[in-house]
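Asks: Could you have a look at this structure, given as structure tokens, before my questions?
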Amino acid sequence: MAYRFKARDSSVEHAVRRIAREQAARALSAIEHEPAAVATHEVRKSCKKIRALIRLVRPAFPDYAAENTRFRDMARLMAGSRDAKVVADTCRMLIEHAPGDQGQDMFAPVLEELEAAGSGLVQGEVEDAHLEKVRVLLEESREQAADWSVEEKGWDAIGAGLSKVLHRAGKAAQVAAADPSAANFHELRKRMKYHWYHTRLLVQIWPEIMNARAAQLSLLADNLGLHHDIAVFERRLVELHAGGAHPHAVASLQSLASERRETLERASKPLIERILAQSAEHLEGYWWSLWQIWRAGTAHKRD
């Protein structure tokens with residue numbers, strides 16, 4: 001179930017159908033065999049991968065809008081249980097990195113409250129109900145993907161989607177640099193993550209180069225993902241502060257969260273600049289050349 005185009009794929013359409021069905025099957029297997037928390041994570045991950053896949057061929061995929069909405073809504077259905085867990089996990093991470101003069105006992109009541117919010121019986125029942133609903137939707141989607149139509153051939157089905165995502169990533173990077181708000185970094189994260197998935201899908205055009213790029217994009221995705229988690233956590237802290245609960249601990253956690261978020265922004269800056277150093281048009285043209293070389297050199301595998 002490798003998330004990539006393969007030499008033996010007879011066409012881009014064949015590859016898109018195959019990869020989408022494999023990702024749906026992976027999520028269904030997790031629902032069937034894994035604990036709810038693991039299944040939730042796998043469902044969300046598979047939905048993101050499928051959305052990135054169809055975004056790559058978006059201009060040539062007539063069903064893009066409907067299918068993108070379908071998989072987006074499935075992922076959103078599972079977001080509530082994830083966010084509750086993320087808030088508690090982020091709190092623990094920040095406490096672990098707190099200065100030595102800030103005793104962990106001070107933070108314990110806050111952490112206990114956040115953990116309770118994400119681990120109650122009602123939360124578990126809701127998660128199970130959502131997984132069952134998603135299971136039905138995934139089974140339908142897996143069958144429908146077998147009939148998806150991609151109207152262009154070869155690179156003509158890919159190039160425009162690749163370039164559009166990169167162009168939007170560049171715009172998002174400019175906006176985030178001018179105004180480093182949580183919302184702007186979240187938008188940048190989404191655009192860069194799509195490009196990461198596209199790099200992985202196309203890794204075979206030159207594995208040594210593409211794997212190196214994917215590794216840097218993975219690091220950036222981790223940084224921006226944690227940045228987003230901290231932003232979600234900070235919103236929860238605002239609620240706690242408004243309620244007057246644990247004022248000293250909340251104030252300390254707000255400071256720790258802000259410092260960590262700014263550190264992640266500084267660490268991400270050179271990665272973003274290097275990844276976007278080449279224009280979308282130039283990178284799309286370069287990858288087109290690599291695609292042609294790869295497909296010509298592997299034609300015998302499709303005979």
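Residues in the structure tokens are named by chain (A, B, ... in the order shown) and by number from 1 within that chain; ligands are numbered from 1 in the order shown.
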I want to know what sits within 8 Å of Ala146 of chain A, based on only C-alpha atoms, with residues of the same chain fewer than 6 positions away left out; could you give that as a ChimeraX atom specification?
Replies: /A:17-18,21
Asks: What does the file look like for those residues with C-alpha atoms, as a PDB file, in the first residue's frame?
Replies:
ATOM      1  CA  ARG A  17      -7.997   4.767  -8.456  1.00  0.00           C
ATOM      2  CA  ARG A  18      -5.528   2.295  -6.937  1.00  0.00           C
ATOM      3  CA  ARG A  21      -8.837   2.430  -2.808  1.00  0.00           C
TER       4      ARG A  21
END
Asks: Within 7 Å of segment 170-187 of chain A, counting only C-alpha atoms, which residues show up once you throw out same-chain ones fewer than 6 positions away? Write them as JSON, numbers by chain, please.
Replies: {"A": [228, 231, 276]}
Asks: Select, from A:Ala145, A:Ala98, A:Ala39, A:Ala160, the residue with the minimum atom-to-atom distance to His14 of chain A, counting only C-alpha atoms.
Replies: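 Among the listed residues, A:Ala145 lies closest to His14 of chain A.
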Asks: Rank A:Thr40, A:Ser218, A:Gln204, A:Thr90 by their smallest atom-to-atom distance to Phe5 of chain A, using only C-alpha atoms, and report the top residue only.
Replies: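 Going through A:Thr40, A:Ser218, A:Gln204, A:Thr90 one by one, the smallest distance to Phe5 of chain A is for A:Gln204.
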Asks: List every residue of segment 93-170 of chain A that has an atom at most 9 Å from any atom of segment 49-56 of chain A, and for each one report the closest atom pair and its distance in Å to one decimal, counting only C-alpha atoms, with rows sorted by chain and then by increasing residue number, as CSV.
Replies:
residue,atom,partner,partner_atom,distance
A:Ala157,CA,A:Leu56,CA,8.1
A:Ile158,CA,A:Leu56,CA,5.7
A:Gly159,CA,A:Leu56,CA,7.9
A:Ala160,CA,A:Leu56,CA,7.9
A:Gly161,CA,A:Leu56,CA,4.5
A:Leu162,CA,A:Leu56,CA,5.5
A:Ser163,CA,A:Leu56,CA,8.9
A:Lys164,CA,A:Leu56,CA,8.8
A:Val165,CA,A:Leu56,CA,8.0
Asks: Just to be explicit: take each residue in the selection above, keep N, CA and C atoms, and write the result as a JSON list (two decimals), in the first residue's frame.
Replies:
[["chain", "number", "residue", "atom", "x", "y", "z"],
["A", 157, "ALA", "N", -2.24, 15.40, -16.62],
["A", 157, "ALA", "CA", -3.20, 15.22, -15.53],
["A", 157, "ALA", "C", -2.66, 15.71, -14.19],
["A", 158, "ILE", "N", -1.35, 15.96, -14.12],
["A", 158, "ILE", "CA", -0.68, 16.23, -12.85],
["A", 158, "ILE", "C", -0.14, 17.64, -12.73],
["A", 159, "GLY", "N", 0.48, 18.13, -13.79],
["A", 159, "GLY", "CA", 1.27, 19.35, -13.71],
["A", 159, "GLY", "C", 0.53, 20.56, -13.17],
["A", 160, "ALA", "N", -0.69, 20.79, -13.65],
["A", 160, "ALA", "CA", -1.42, 21.98, -13.22],
["A", 160, "ALA", "C", -1.78, 21.93, -11.73],
["A", 161, "GLY", "N", -2.15, 20.75, -11.25],
["A", 161, "GLY", "CA", -2.48, 20.61, -9.83],
["A", 161, "GLY", "C", -1.27, 20.81, -8.95],
["A", 162, "LEU", "N", -0.14, 20.24, -9.36],
["A", 162, "LEU", "CA", 1.11, 20.40, -8.62],
["A", 162, "LEU", "C", 1.49, 21.87, -8.52],
["A", 163, "SER", "N", 1.45, 22.56, -9.67],
["A", 163, "SER", "CA", 1.85, 23.96, -9.72],
["A", 163, "SER", "C", 0.92, 24.84, -8.89],
["A", 164, "LYS", "N", -0.37, 24.56, -8.94],
["A", 164, "LYS", "CA", -1.34, 25.37, -8.20],
["A", 164, "LYS", "C", -1.11, 25.28, -6.70],
["A", 165, "VAL", "N", -0.84, 24.08, -6.20],
["A", 165, "VAL", "CA", -0.58, 23.90, -4.77],
["A", 165, "VAL", "C", 0.68, 24.66, -4.36]]
Asks: Looking at A:Ala25, A:Val16, A:Leu111, A:Met210, which one is nearest to Ala249 of chain A, with distances taken over only C-alpha atoms?
Replies: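 Closest residue, counting only C-alpha atoms: A:Leu111.
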Asks: Give me, as a list in words, all polymer residues having an atom no more than 7 Å from segment 258-266 of chain A, counting only C-alpha atoms and skipping those fewer than 6 positions away in the same chain.
Replies: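 Once the adjacent positions are removed, what remains is Asn223, His227 and Ile230 of chain A.
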Asks: Output the selection as a JSON list (two decimals), in the first residue's frame - C-alpha atoms for each residue.
Replies:
[["chain", "number", "residue", "atom", "x", "y", "z"],
["A", 223, "ASN", "CA", 6.99, 21.77, 13.14],
["A", 227, "HIS", "CA", 2.51, 24.95, 15.99],
["A", 230, "ILE", "CA", -0.16, 24.76, 20.47]]
Asks: Using only C-alpha atoms, which protein or nucleic acid residues come within 10 Å of segment 124-140 of chain A? Drop anything in the same chain fewer than 2 positions from it, and give the result as a PDB file with N, CA and C atoms, in the first residue's frame.
Replies:
ATOM      1  N   ARG A  21      -8.233   3.648  -3.351  1.00  0.00           N
ATOM      2  CA  ARG A  21      -8.837   2.430  -2.808  1.00  0.00           C
ATOM      3  C   ARG A  21      -7.947   1.812  -1.726  1.00  0.00           C
ATOM      4  N   GLN A  23      -5.906   3.449   0.288  1.00  0.00           N
ATOM      5  CA  GLN A  23      -6.006   4.275   1.493  1.00  0.00           C
ATOM      6  C   GLN A  23      -7.329   4.048   2.220  1.00  0.00           C
ATOM      7  N   ALA A  24      -8.408   3.896   1.460  1.00  0.00           N
ATOM      8  CA  ALA A  24      -9.695   3.592   2.089  1.00  0.00           C
ATOM      9  C   ALA A  24      -9.644   2.242   2.791  1.00  0.00           C
ATOM     10  N   ALA A  25      -9.007   1.263   2.150  1.00  0.00           N
ATOM     11  CA  ALA A  25      -8.881  -0.069   2.754  1.00  0.00           C
ATOM     12  C   ALA A  25      -8.034  -0.012   4.022  1.00  0.00           C
ATOM     13  N   ALA A  27      -7.742   2.524   6.100  1.00  0.00           N
ATOM     14  CA  ALA A  27      -8.554   3.115   7.164  1.00  0.00           C
ATOM     15  C   ALA A  27      -9.599   2.127   7.668  1.00  0.00           C
ATOM     16  N   LEU A  28     -10.209   1.385   6.766  1.00  0.00           N
ATOM     17  CA  LEU A  28     -11.206   0.386   7.166  1.00  0.00           C
ATOM     18  C   LEU A  28     -10.583  -0.707   8.022  1.00  0.00           C
ATOM     19  N   SER A  29      -9.373  -1.113   7.677  1.00  0.00           N
ATOM     20  CA  SER A  29      -8.678  -2.125   8.470  1.00  0.00           C
ATOM     21  C   SER A  29      -8.405  -1.617   9.882  1.00  0.00           C
ATOM     22  N   ALA A  30      -8.035  -0.339   9.997  1.00  0.00           N
ATOM     23  CA  ALA A  30      -7.781   0.240  11.319  1.00  0.00           C
ATOM     24  C   ALA A  30      -9.055   0.275  12.155  1.00  0.00           C
ATOM     25  N   ILE A  31     -10.174   0.633  11.531  1.00  0.00           N
ATOM     26  CA  ILE A  31     -11.450   0.646  12.254  1.00  0.00           C
ATOM     27  C   ILE A  31     -11.797  -0.752  12.751  1.00  0.00           C
ATOM     28  N   GLU A  32     -11.487  -1.748  11.933  1.00  0.00           N
ATOM     29  CA  GLU A  32     -11.837  -3.129  12.263  1.00  0.00           C
ATOM     30  C   GLU A  32     -10.938  -3.715  13.343  1.00  0.00           C
ATOM     31  N   PRO A  35      -7.592  -0.084  18.290  1.00  0.00           N
ATOM     32  CA  PRO A  35      -8.353   0.693  19.276  1.00  0.00           C
ATOM     33  C   PRO A  35      -8.883   1.978  18.645  1.00  0.00           C
ATOM     34  N   ALA A  36      -9.912   2.534  19.246  1.00  0.00           N
ATOM     35  CA  ALA A  36     -10.581   3.700  18.664  1.00  0.00           C
ATOM     36  C   ALA A  36      -9.630   4.863  18.417  1.00  0.00           C
ATOM     37  N   ALA A  37      -8.714   5.115  19.356  1.00  0.00           N
ATOM     38  CA  ALA A  37      -7.799   6.249  19.198  1.00  0.00           C
ATOM     39  C   ALA A  37      -6.895   6.061  17.988  1.00  0.00           C
ATOM     40  N   ALA A  39      -7.537   4.048  15.394  1.00  0.00           N
ATOM     41  CA  ALA A  39      -8.397   4.063  14.208  1.00  0.00           C
ATOM     42  C   ALA A  39      -8.735   5.491  13.796  1.00  0.00           C
ATOM     43  N   THR A  40      -9.022   6.328  14.769  1.00  0.00           N
ATOM     44  CA  THR A  40      -9.327   7.730  14.476  1.00  0.00           C
ATOM     45  C   THR A  40      -8.163   8.396  13.767  1.00  0.00           C
ATOM     46  N   VAL A  43      -7.851   6.990  10.162  1.00  0.00           N
ATOM     47  CA  VAL A  43      -8.912   7.505   9.287  1.00  0.00           C
ATOM     48  C   VAL A  43      -8.580   8.922   8.834  1.00  0.00           C
ATOM     49  N   CYS A  47      -7.761  10.036   4.960  1.00  0.00           N
ATOM     50  CA  CYS A  47      -8.583  11.058   4.310  1.00  0.00           C
ATOM     51  C   CYS A  47      -7.717  12.201   3.782  1.00  0.00           C
ATOM     52  N   ARG A  70     -16.475  15.052   0.531  1.00  0.00           N
ATOM     53  CA  ARG A  70     -16.769  13.783   1.200  1.00  0.00           C
ATOM     54  C   ARG A  70     -15.660  13.420   2.191  1.00  0.00           C
ATOM     55  N   PHE A  71     -14.407  13.436   1.737  1.00  0.00           N
ATOM     56  CA  PHE A  71     -13.304  13.023   2.611  1.00  0.00           C
ATOM     57  C   PHE A  71     -12.970  14.091   3.652  1.00  0.00           C
ATOM     58  N   ASP A  73     -15.238  15.955   5.137  1.00  0.00           N
ATOM     59  CA  ASP A  73     -16.259  15.806   6.173  1.00  0.00           C
ATOM     60  C   ASP A  73     -16.019  14.567   7.031  1.00  0.00           C
ATOM     61  N   MET A  74     -15.507  13.504   6.426  1.00  0.00           N
ATOM     62  CA  MET A  74     -15.170  12.313   7.214  1.00  0.00           C
ATOM     63  C   MET A  74     -14.095  12.638   8.243  1.00  0.00           C
ATOM     64  N   ALA A  75     -13.059  13.354   7.804  1.00  0.00           N
ATOM     65  CA  ALA A  75     -11.981  13.717   8.726  1.00  0.00           C
ATOM     66  C   ALA A  75     -12.490  14.638   9.831  1.00  0.00           C
ATOM     67  N   LEU A  77     -15.412  14.753  11.064  1.00  0.00           N
ATOM     68  CA  LEU A  77     -16.252  13.996  11.986  1.00  0.00           C
ATOM     69  C   LEU A  77     -15.426  13.421  13.132  1.00  0.00           C
ATOM     70  N   MET A  78     -14.147  13.107  12.846  1.00  0.00           N
ATOM     71  CA  MET A  78     -13.274  12.520  13.858  1.00  0.00           C
ATOM     72  C   MET A  78     -12.435  13.567  14.593  1.00  0.00           C
ATOM     73  N   ALA A  79     -12.594  14.845  14.237  1.00  0.00           N
ATOM     74  CA  ALA A  79     -11.698  15.869  14.774  1.00  0.00           C
ATOM     75  C   ALA A  79     -11.924  16.145  16.251  1.00  0.00           C
ATOM     76  N   GLY A  80     -13.166  16.040  16.723  1.00  0.00           N
ATOM     77  CA  GLY A  80     -13.453  16.393  18.109  1.00  0.00           C
ATOM     78  C   GLY A  80     -12.669  15.576  19.107  1.00  0.00           C
ATOM     79  N   SER A  81     -12.649  14.259  18.927  1.00  0.00           N
ATOM     80  CA  SER A  81     -11.921  13.397  19.858  1.00  0.00           C
ATOM     81  C   SER A  81     -10.423  13.638  19.754  1.00  0.00           C
ATOM     82  N   ARG A  82      -9.945  13.945  18.538  1.00  0.00           N
ATOM     83  CA  ARG A  82      -8.522  14.212  18.376  1.00  0.00           C
ATOM     84  C   ARG A  82      -8.132  15.495  19.104  1.00  0.00           C
ATOM     85  N   GLY A 118     -11.043  14.621  27.657  1.00  0.00           N
ATOM     86  CA  GLY A 118     -10.847  13.791  26.478  1.00  0.00           C
ATOM     87  C   GLY A 118     -10.959  12.310  26.706  1.00  0.00           C
ATOM     88  N   SER A 119     -11.293  11.896  27.925  1.00  0.00           N
ATOM     89  CA  SER A 119     -11.273  10.460  28.206  1.00  0.00           C
ATOM     90  C   SER A 119     -12.547   9.953  28.874  1.00  0.00           C
ATOM     91  N   GLY A 120     -13.600  10.737  28.863  1.00  0.00           N
ATOM     92  CA  GLY A 120     -14.835  10.322  29.522  1.00  0.00           C
ATOM     93  C   GLY A 120     -15.581   9.260  28.737  1.00  0.00           C
ATOM     94  N   LEU A 121     -16.551   8.631  29.406  1.00  0.00           N
ATOM     95  CA  LEU A 121     -17.358   7.579  28.787  1.00  0.00           C
ATOM     96  C   LEU A 121     -18.149   8.125  27.608  1.00  0.00           C
ATOM     97  N   VAL A 122     -18.738   9.315  27.776  1.00  0.00           N
ATOM     98  CA  VAL A 122     -19.540   9.897  26.696  1.00  0.00           C
ATOM     99  C   VAL A 122     -18.670  10.163  25.481  1.00  0.00           C
ATOM    100  N   ARG A 142     -14.677   3.494  -1.310  1.00  0.00           N
ATOM    101  CA  ARG A 142     -13.746   2.537  -1.913  1.00  0.00           C
ATOM    102  C   ARG A 142     -14.331   1.958  -3.199  1.00  0.00           C
ATOM    103  N   GLU A 143     -15.604   1.655  -3.197  1.00  0.00           N
ATOM    104  CA  GLU A 143     -16.246   1.115  -4.395  1.00  0.00           C
ATOM    105  C   GLU A 143     -16.352   2.176  -5.488  1.00  0.00           C
ATOM    106  N   GLN A 144     -16.713   3.376  -5.118  1.00  0.00           N
ATOM    107  CA  GLN A 144     -16.880   4.439  -6.110  1.00  0.00           C
ATOM    108  C   GLN A 144     -15.556   4.831  -6.753  1.00  0.00           C
ATOM    109  N   ALA A 145     -14.466   4.763  -5.987  1.00  0.00           N
ATOM    110  CA  ALA A 145     -13.159   5.153  -6.522  1.00  0.00           C
ATOM    111  C   ALA A 145     -12.730   4.279  -7.691  1.00  0.00           C
TER     112      ALA A 145
END
Asks: Taking only C-alpha atoms into account, name the residue in A:Arg58, A:Arg76, A:Arg235, A:His246 that is nearest to Glu112 of chain A.
Replies: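 Closest residue, counting only C-alpha atoms: A:His246.
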Asks: Would you list, as an NGL selection string, the residues of segment 34-155 of chain A that end up in helix (DSSP H, G or I) under DSSP run on this structure's backbone?
Replies: :A and (36-56 or 58-60 or 64-77 or 79-96 or 104-118 or 121-145 or 154-155)
Asks: Which residues come within 10 Å of Cys91 of chain A, counting only C-alpha atoms, excluding same-chain residues fewer than 3 positions away, as a PyMOL selection string?
Replies: chain A and resi 85-88+94-96+107+110-111+114-115+229-230+233-234+237+253+256-257
